[in-house]
Amino acid sequence: ESEGLASDVEGESIEKANSKEMPAAKVAEFHRASRLHFLGTWRERFECWRAAGAGQMPQEHTEQLRKELAPLWTDAGAALWAHLDMDCFFVSVATRDAAKAGDSSISDEVPAAVVSGLGPSSEICSANYAARRAGVNTHLWFVERAMTMLPTLRLFPITSELLRSVEDTWKQVYQLLVAACNDIP
């Protein structure tokens with residue numbers, strides 16, 4: 001107690017008890033697959049990536065984007081706005097990856113959601129527009145409730161592969177935004 005840690009009934013610190021149940025390998029695995037850890041550390045990884053100048057977009061893509069945007073830059077007083085729906089971003093990447101992997105049943109019109117797990121109390125993390133039109137969104141919180149409302153909802157559990165794919169895709173989006181803003185990050 002002198003260290004200010006909460007104690008259980010036997011007087012052993014909760015921190016010590018939890019460390020017995022959660023070996024370092026399990027903590028590392030949790031961090032690899034935890035969307036909250038991923039989101040919490042994303043900015044640091046992104047800033048390091050950006051500072052290193054890594055992963056530059058191919059020149060032909062940049063040139064094509066600038067060519068398409070050139071008419072918008074002619075008016076010196078005009079502003080260019082972009083709306084990025086990051087709540088839908090995770091599920092968009094998940095459905096894109098599923099289609100690339102050969103899942104022909106997935107499309108923008110198939111209600112889908114990224115979930116923290118497949119259990120009934122798992123959380124809805126991201127829902128696409130088709131799911132939102134049917135009433136499924138992140139405010140529902142639980143998979144069980146969402147599946148009651150929409151039994152055909154496609155569920156994509158968060159995996160470390162999905163998290164990395166989301167991060168890689170965001171880097172591509174960022175590069176497109178920089179190119180669209182005349183290389184002003």
# chains A, B, ... in the order shown; residues from 1 in each chain; ligands from 1
call {"tool": "residues_around", "arguments": {"residues": "A:Leu155", "least_positions_apart": "3", "cutoff": "8 Å", "atoms": "only C-alpha atoms", "output": "list in words"}}
result
Ala112, Ala113, Val114, Val115 and Leu118 of chain A
call {"tool": "write_last_selection", "arguments": {"atoms": "N, CA, C and O atoms", "output": "PDB file, in the first residue's frame"}}
result
ATOM      1  N   ALA A 112     -22.213  -3.389 -43.859  1.00  0.00           N
ATOM      2  CA  ALA A 112     -21.035  -3.979 -43.233  1.00  0.00           C
ATOM      3  C   ALA A 112     -20.569  -3.108 -42.076  1.00  0.00           C
ATOM      4  O   ALA A 112     -20.810  -1.900 -42.056  1.00  0.00           O
ATOM      5  N   ALA A 113     -19.888  -3.760 -41.136  1.00  0.00           N
ATOM      6  CA  ALA A 113     -19.349  -3.037 -39.988  1.00  0.00           C
ATOM      7  C   ALA A 113     -18.048  -3.688 -39.540  1.00  0.00           C
ATOM      8  O   ALA A 113     -17.886  -4.898 -39.625  1.00  0.00           O
ATOM      9  N   VAL A 114     -17.133  -2.855 -39.071  1.00  0.00           N
ATOM     10  CA  VAL A 114     -15.944  -3.343 -38.391  1.00  0.00           C
ATOM     11  C   VAL A 114     -16.303  -3.410 -36.922  1.00  0.00           C
ATOM     12  O   VAL A 114     -16.909  -2.485 -36.368  1.00  0.00           O
ATOM     13  N   VAL A 115     -15.962  -4.539 -36.297  1.00  0.00           N
ATOM     14  CA  VAL A 115     -16.342  -4.785 -34.909  1.00  0.00           C
ATOM     15  C   VAL A 115     -15.119  -5.178 -34.092  1.00  0.00           C
ATOM     16  O   VAL A 115     -14.135  -5.681 -34.631  1.00  0.00           O
ATOM     17  N   LEU A 118     -16.404 -10.836 -32.463  1.00  0.00           N
ATOM     18  CA  LEU A 118     -17.638 -11.415 -32.992  1.00  0.00           C
ATOM     19  C   LEU A 118     -18.627 -11.802 -31.906  1.00  0.00           C
ATOM     20  O   LEU A 118     -19.701 -12.310 -32.205  1.00  0.00           O
TER      21      LEU A 118
END
call {"tool": "residues_around", "arguments": {"residues": "stretch 59-68 of chain A", "least_positions_apart": "5", "cutoff": "9 Å", "atoms": "only C-alpha atoms", "output": "PyMOL selection string"}}
result
chain A and resi 175-176+179-180+182
call {"tool": "closest_residue", "arguments": {"among": "A:Gly117, A:Glu109, A:Arg145, A:Asp85", "to": "A:Ala130", "atoms": "only C-alpha atoms"}}
result
A:Glu109
call {"tool": "select_by_dssp", "arguments": {"residues": "stretch 21-181 of chain A", "states": "helix (DSSP H, G or I)", "output": "ChimeraX atom specification"}}
result
/A:21,24-33,35-52,59-73,86-100,129-133,138-140,143-149,160-180
call {"tool": "atom_distance", "arguments": {"atom1": "atom CA of A:Asn137", "atom2": "atom CA of A:Cys125"}}
result
8.4 Å
call {"tool": "residues_around", "arguments": {"residues": "stretch 140-143 of chain A", "least_positions_apart": "4", "cutoff": "8 Å", "atoms": "only C-alpha atoms", "output": "list in words"}}
result
Val115, Leu118, Gly119, Pro120, Ser121, Ser122, Glu123, Ile124, Cys125, Val136 and Met147 of chain A
call {"tool": "write_last_selection", "arguments": {"atoms": "N, CA, C and O atoms", "output": "PDB file, in the first residue's frame"}}
result
ATOM      1  N   VAL A 115     -15.962  -4.539 -36.297  1.00  0.00           N
ATOM      2  CA  VAL A 115     -16.342  -4.785 -34.909  1.00  0.00           C
ATOM      3  C   VAL A 115     -15.119  -5.178 -34.092  1.00  0.00           C
ATOM      4  O   VAL A 115     -14.135  -5.681 -34.631  1.00  0.00           O
ATOM      5  N   LEU A 118     -16.404 -10.836 -32.463  1.00  0.00           N
ATOM      6  CA  LEU A 118     -17.638 -11.415 -32.992  1.00  0.00           C
ATOM      7  C   LEU A 118     -18.627 -11.802 -31.906  1.00  0.00           C
ATOM      8  O   LEU A 118     -19.701 -12.310 -32.205  1.00  0.00           O
ATOM      9  N   GLY A 119     -18.291 -11.556 -30.657  1.00  0.00           N
ATOM     10  CA  GLY A 119     -19.198 -11.871 -29.557  1.00  0.00           C
ATOM     11  C   GLY A 119     -20.350 -10.889 -29.487  1.00  0.00           C
ATOM     12  O   GLY A 119     -20.280  -9.783 -30.036  1.00  0.00           O
ATOM     13  N   PRO A 120     -21.437 -11.264 -28.796  1.00  0.00           N
ATOM     14  CA  PRO A 120     -22.619 -10.395 -28.726  1.00  0.00           C
ATOM     15  C   PRO A 120     -22.348  -9.043 -28.068  1.00  0.00           C
ATOM     16  O   PRO A 120     -22.985  -8.050 -28.405  1.00  0.00           O
ATOM     17  N   SER A 121     -21.385  -8.973 -27.162  1.00  0.00           N
ATOM     18  CA  SER A 121     -21.104  -7.697 -26.499  1.00  0.00           C
ATOM     19  C   SER A 121     -19.939  -6.956 -27.138  1.00  0.00           C
ATOM     20  O   SER A 121     -19.493  -5.935 -26.623  1.00  0.00           O
ATOM     21  N   SER A 122     -19.451  -7.440 -28.286  1.00  0.00           N
ATOM     22  CA  SER A 122     -18.399  -6.729 -29.010  1.00  0.00           C
ATOM     23  C   SER A 122     -18.959  -5.428 -29.557  1.00  0.00           C
ATOM     24  O   SER A 122     -20.154  -5.306 -29.828  1.00  0.00           O
ATOM     25  N   GLU A 123     -18.079  -4.446 -29.720  1.00  0.00           N
ATOM     26  CA  GLU A 123     -18.515  -3.109 -30.138  1.00  0.00           C
ATOM     27  C   GLU A 123     -18.526  -2.946 -31.654  1.00  0.00           C
ATOM     28  O   GLU A 123     -17.702  -3.505 -32.354  1.00  0.00           O
ATOM     29  N   ILE A 124     -19.456  -2.105 -32.111  1.00  0.00           N
ATOM     30  CA  ILE A 124     -19.460  -1.650 -33.503  1.00  0.00           C
ATOM     31  C   ILE A 124     -18.463  -0.497 -33.563  1.00  0.00           C
ATOM     32  O   ILE A 124     -18.620   0.507 -32.875  1.00  0.00           O
ATOM     33  N   CYS A 125     -17.417  -0.639 -34.369  1.00  0.00           N
ATOM     34  CA  CYS A 125     -16.373   0.382 -34.456  1.00  0.00           C
ATOM     35  C   CYS A 125     -16.559   1.311 -35.647  1.00  0.00           C
ATOM     36  O   CYS A 125     -16.179   2.475 -35.593  1.00  0.00           O
ATOM     37  N   VAL A 136     -27.913   0.851 -38.447  1.00  0.00           N
ATOM     38  CA  VAL A 136     -26.743   0.364 -37.704  1.00  0.00           C
ATOM     39  C   VAL A 136     -25.658   1.427 -37.747  1.00  0.00           C
ATOM     40  O   VAL A 136     -25.256   1.879 -38.813  1.00  0.00           O
ATOM     41  N   MET A 147     -27.103  -6.918 -34.893  1.00  0.00           N
ATOM     42  CA  MET A 147     -27.557  -8.106 -35.623  1.00  0.00           C
ATOM     43  C   MET A 147     -29.062  -8.322 -35.452  1.00  0.00           C
ATOM     44  O   MET A 147     -29.706  -8.879 -36.345  1.00  0.00           O
TER      45      MET A 147
END
call {"tool": "residues_around", "arguments": {"residues": "A:Val166", "least_positions_apart": "4", "cutoff": "10 Å", "atoms": "only C-alpha atoms", "output": "count of residues only"}}
result
13
